Amino acid sequence: MAEVKLHGSWPSPFNHRVIWALKLKGVEYEYIEEDLSNKSELLLKYNPVFKKIPVLVHGGKPIAESLVILEYIEETWPENPLLPKDPYERAMARFWIQYGVTKGAPIGVFYRASGEELEKAAKELREMLKILEEQGLGDKKFFGGDSINLVDISYGALAYWFAAMEEASGVKVLEPSTLPRLYSWAKNFIEVPVVKENIPDYDKMLAYVSATRKKLAKNYRP
Amino acid sequence: MAGDQVTLLDFWASPFGMRVRIALAEKGVKYEYSEQDLRNKSALLLQMNPVHKKIPVLVHNGKPVCESLIIVQYIDEVWKDKAPLLPSDPYQRAQSRFWADFVDKKIYDLSRKIWTTKGEDLEAAKKDFIDCLKLLEGELGDKPYFGGETIGYVDIAFVPFYVWFHAYETVGNFKVEAECPKLIAYCKRCLQKESVSKSLQDPQKVYDFVVMLRKNFGIE
């Protein structure tokens, strides 16, 4: 089996998505931490279009964009499937993954805004998550049913990283009173061993998110 | 497959709808085309796409599939015995997904900025748009299509935007062909395929539509 390398950055939830998928499939890989303030020649060669992490390199061939990487992992290592087999169910899974991409912009606002703008983003996020909870998750424990799949992985950041955002910004969104099923989902998701063992320490994340918010707020002009 | 009921909820000018039309044509799937009024959305559309309330929606035996690229993948998986749209090799599939995603991330938003902004914003949008087209042109290289010898997923994702180029060029006062001649040659090559020419709209009609939209939005 050709060697697998992952170029990533420790705080990035996009990076963690790939790590969980590789671990769930039992794939051995070498992890390379990238300094995003001083991008390596190799990263720029592997992802010339976006110059971002994560990049998965399999047998010397690079794949960029975390969701593209997830589908690649699913197809290359079919054991322990992370997407439904039925084409309609697969389309639904992809729909909910895409929903997070299309409607996730308010999360970016949490990174840099405060006051009214932040409240507005929080409201939009609550509405978006309500739909996800009611129509995407429903009564299931995980989006994948009894065990996690690519949909759960794509929303994983909500379960741990977002808590640091909430604390750093002082605005709460994922609460048991307003989003009870998603709140439970998050609690269950964090306990999945592959996730629990592969996310940064909360305090480290909080420090990182707080520092990034301060830096972005300084440079931000509405 | 015999006995399949396939309906496409669509809007004539939508490049996203055109993607689905090309995919269905490539596979030879018989379907009912249902034109939707986007200013007065039908009960059917709201029922079939309650989350986004948008077209295109493919309704297959009563079950709706939404989001154009997801629909194209679904079509490829269901009608898998003819005209594969994605490559069979996982690495090539990943590359196809990456570039189709690039078209979605970049081409639509940038092109929208071209017909909705003016002055400095317009100039910046034009520059970014051409830069993205050049990247695509580079990825195409010497291949007849992004899919290689036959059209595939990335071609389907991108080529519908070609019929909007005349509108962007006229309101933005520039010519794509001057900057990306190989890409325009590629688009014309695609149009020679029946599945594409029958699915795409007349650029002049699209331009008239954009003029009307600009009036409605108060952009001069």
# chains A, B, ... in the order shown; residues from 1 in each chain; ligands from 1
call {"tool": "interface_residues", "arguments": {"of": "chain A", "to": "chain B", "cutoff": "10 Å", "atoms": "only C-alpha atoms", "output": "PyMOL selection string"}}
result
chain A and resi 49-50+58+61-76+86-95+98-99+102-103+128+131-132+135
call {"tool": "select_by_dssp", "arguments": {"residues": "stretch 6-200 of chain B", "states": "strand (DSSP E or B)", "output": "count of residues only"}}
result
19
call {"tool": "residues_around", "arguments": {"residues": "A:Asp201", "least_positions_apart": "2", "cutoff": "12 Å", "atoms": "only C-alpha atoms", "output": "PyMOL selection string"}}
result
chain A and resi 10-11+160-161+164+196-199+203-208
call {"tool": "residues_around", "arguments": {"residues": "stretch 38-40 of chain B", "least_positions_apart": "5", "cutoff": "10 Å", "atoms": "only C-alpha atoms", "output": "PyMOL selection string"}}
result
chain B and resi 10-11+45+53-55
call {"tool": "write_last_selection", "arguments": {"atoms": "N, CA and C atoms", "output": "compact mmCIF listing (two decimals), in the first residue's frame"}}
result
# COMPACT_ATOMS: atom_id res chain seq x y z
N ASP B 10 -37.04 23.21 -12.78
CA ASP B 10 -35.89 23.97 -13.30
C ASP B 10 -36.33 25.38 -13.68
N PHE B 11 -35.38 26.22 -14.04
CA PHE B 11 -35.63 27.56 -14.55
C PHE B 11 -34.77 27.71 -15.79
N LEU B 45 -42.55 22.99 -5.68
CA LEU B 45 -41.13 23.30 -5.43
C LEU B 45 -40.86 23.41 -3.94
N LYS B 53 -35.55 25.92 -1.12
CA LYS B 53 -36.60 26.48 -1.99
C LYS B 53 -36.01 26.91 -3.34
N LYS B 54 -35.09 26.12 -3.87
CA LYS B 54 -34.41 26.49 -5.11
C LYS B 54 -34.52 25.40 -6.16
N ILE B 55 -34.26 25.80 -7.39
CA ILE B 55 -34.09 24.80 -8.46
C ILE B 55 -32.61 24.68 -8.74
call {"tool": "closest_residue", "arguments": {"among": "B:Leu9, B:Arg214, B:Tyr162, B:Lys205", "to": "B:Ser42", "atoms": "only C-alpha atoms"}}
result
B:Leu9
call {"tool": "closest_residue", "arguments": {"among": "A:Gly156, A:Gly26, A:Gly59, A:Gly8", "to": "A:Phe143", "atoms": "only C-alpha atoms"}}
result
A:Gly156
call {"tool": "closest_residue", "arguments": {"among": "B:Ile151, B:Lys80, B:Val29, B:Leu85", "to": "B:Gln192", "atoms": "only C-alpha atoms"}}
result
B:Ile151
call {"tool": "closest_residue", "arguments": {"among": "A:Phe142, A:Ala122, A:Ser154, A:Ile190", "to": "A:Gly108", "atoms": "only C-alpha atoms"}}
result
A:Ala122
call {"tool": "closest_residue", "arguments": {"among": "B:Leu24, B:Cys180, B:Ile156, B:Val211", "to": "B:Gly138", "atoms": "only C-alpha atoms"}}
result
B:Cys180
call {"tool": "residues_around", "arguments": {"residues": "B:Pro160", "least_positions_apart": "3", "cutoff": "9 Å", "atoms": "only C-alpha atoms", "output": "ChimeraX atom specification"}}
result
/B:14-19,155-157,163-164,196,199-201
call {"tool": "write_last_selection", "arguments": {"atoms": "N, CA and C atoms", "output": "PDB file, in the first residue's frame"}}
result
ATOM      1  N   SER B  14     -31.089  29.038 -15.703  1.00  0.00           N
ATOM      2  CA  SER B  14     -30.174  28.644 -14.638  1.00  0.00           C
ATOM      3  C   SER B  14     -29.043  27.732 -15.119  1.00  0.00           C
ATOM      4  N   PRO B  15     -27.787  28.152 -14.912  1.00  0.00           N
ATOM      5  CA  PRO B  15     -26.680  27.266 -15.284  1.00  0.00           C
ATOM      6  C   PRO B  15     -26.683  25.977 -14.458  1.00  0.00           C
ATOM      7  N   PHE B  16     -27.229  26.068 -13.248  1.00  0.00           N
ATOM      8  CA  PHE B  16     -27.285  24.886 -12.386  1.00  0.00           C
ATOM      9  C   PHE B  16     -28.285  23.878 -12.937  1.00  0.00           C
ATOM     10  N   GLY B  17     -29.400  24.383 -13.431  1.00  0.00           N
ATOM     11  CA  GLY B  17     -30.388  23.526 -14.078  1.00  0.00           C
ATOM     12  C   GLY B  17     -29.825  22.902 -15.344  1.00  0.00           C
ATOM     13  N   MET B  18     -29.055  23.698 -16.088  1.00  0.00           N
ATOM     14  CA  MET B  18     -28.466  23.199 -17.339  1.00  0.00           C
ATOM     15  C   MET B  18     -27.545  22.017 -17.071  1.00  0.00           C
ATOM     16  N   ARG B  19     -26.837  22.065 -15.924  1.00  0.00           N
ATOM     17  CA  ARG B  19     -25.956  20.946 -15.570  1.00  0.00           C
ATOM     18  C   ARG B  19     -26.749  19.635 -15.552  1.00  0.00           C
ATOM     19  N   ASP B 155     -16.806  19.199 -16.876  1.00  0.00           N
ATOM     20  CA  ASP B 155     -17.398  19.844 -18.059  1.00  0.00           C
ATOM     21  C   ASP B 155     -18.845  20.235 -17.764  1.00  0.00           C
ATOM     22  N   ILE B 156     -19.584  19.299 -17.189  1.00  0.00           N
ATOM     23  CA  ILE B 156     -20.986  19.546 -16.868  1.00  0.00           C
ATOM     24  C   ILE B 156     -21.117  20.675 -15.846  1.00  0.00           C
ATOM     25  N   ALA B 157     -20.184  20.724 -14.880  1.00  0.00           N
ATOM     26  CA  ALA B 157     -20.237  21.777 -13.859  1.00  0.00           C
ATOM     27  C   ALA B 157     -19.969  23.153 -14.464  1.00  0.00           C
ATOM     28  N   VAL B 163     -22.901  30.213 -21.568  1.00  0.00           N
ATOM     29  CA  VAL B 163     -23.983  30.968 -22.218  1.00  0.00           C
ATOM     30  C   VAL B 163     -24.289  32.260 -21.473  1.00  0.00           C
ATOM     31  N   TRP B 164     -23.686  32.435 -20.286  1.00  0.00           N
ATOM     32  CA  TRP B 164     -23.821  33.689 -19.565  1.00  0.00           C
ATOM     33  C   TRP B 164     -22.658  34.649 -19.890  1.00  0.00           C
ATOM     34  N   VAL B 196     -25.204  18.737 -24.887  1.00  0.00           N
ATOM     35  CA  VAL B 196     -24.905  20.075 -24.399  1.00  0.00           C
ATOM     36  C   VAL B 196     -25.746  21.111 -25.143  1.00  0.00           C
ATOM     37  N   SER B 199     -29.248  21.386 -24.118  1.00  0.00           N
ATOM     38  CA  SER B 199     -29.493  21.722 -22.713  1.00  0.00           C
ATOM     39  C   SER B 199     -29.198  23.179 -22.391  1.00  0.00           C
ATOM     40  N   LEU B 200     -28.364  23.803 -23.227  1.00  0.00           N
ATOM     41  CA  LEU B 200     -27.960  25.181 -22.958  1.00  0.00           C
ATOM     42  C   LEU B 200     -28.913  26.172 -23.619  1.00  0.00           C
ATOM     43  N   GLN B 201     -28.912  27.392 -23.104  1.00  0.00           N
ATOM     44  CA  GLN B 201     -29.811  28.416 -23.621  1.00  0.00           C
ATOM     45  C   GLN B 201     -29.090  29.348 -24.587  1.00  0.00           C
TER      46      GLN B 201
END
call {"tool": "closest_atom_pairs", "arguments": {"of": "stretch 147-184 of chain A", "to": "stretch 15-23 of chain A", "cutoff": "9 Å", "atoms": "only C-alpha atoms", "output": "Markdown table"}}
result
| residue | atom | partner | partner_atom | distance |
| --- | --- | --- | --- | --- |
| A:Asn149 | CA | A:Ala21 | CA | 8.7 |
| A:Leu150 | CA | A:Ala21 | CA | 7.9 |
| A:Ile153 | CA | A:Arg17 | CA | 5.8 |
| A:Ser154 | CA | A:Arg17 | CA | 6.7 |
| A:Tyr155 | CA | A:Arg17 | CA | 8.9 |
| A:Gly156 | CA | A:Arg17 | CA | 7.3 |
| A:Ala157 | CA | A:Arg17 | CA | 8.5 |
call {"tool": "write_last_selection", "arguments": {"atoms": "N, CA and C atoms", "output": "compact mmCIF listing (two decimals), in the first residue's frame"}}
result
# COMPACT_ATOMS: atom_id res chain seq x y z
N ASN A 149 -20.83 8.96 10.50
CA ASN A 149 -20.43 8.85 9.10
C ASN A 149 -19.89 10.19 8.62
N LEU A 150 -19.75 10.36 7.32
CA LEU A 150 -19.13 11.58 6.80
C LEU A 150 -19.94 12.83 7.15
N ILE A 153 -18.92 13.75 10.62
CA ILE A 153 -17.55 14.27 10.53
C ILE A 153 -17.54 15.70 10.00
N SER A 154 -18.39 15.97 8.99
CA SER A 154 -18.38 17.31 8.40
C SER A 154 -18.87 18.36 9.39
N TYR A 155 -19.76 17.98 10.34
CA TYR A 155 -20.26 18.93 11.34
C TYR A 155 -19.49 18.88 12.64
N GLY A 156 -18.46 18.03 12.68
CA GLY A 156 -17.72 17.79 13.91
C GLY A 156 -17.29 19.05 14.66
N ALA A 157 -16.85 20.08 13.95
CA ALA A 157 -16.35 21.30 14.60
C ALA A 157 -17.36 21.87 15.59
call {"tool": "select_by_dssp", "arguments": {"residues": "stretch 6-186 of chain A", "states": "helix (DSSP H, G or I)", "output": "number ranges by chain"}}
result
A: 13-24, 41-46, 66-76, 87-103, 105-112, 115-137, 150-159, 161-169, 180-186
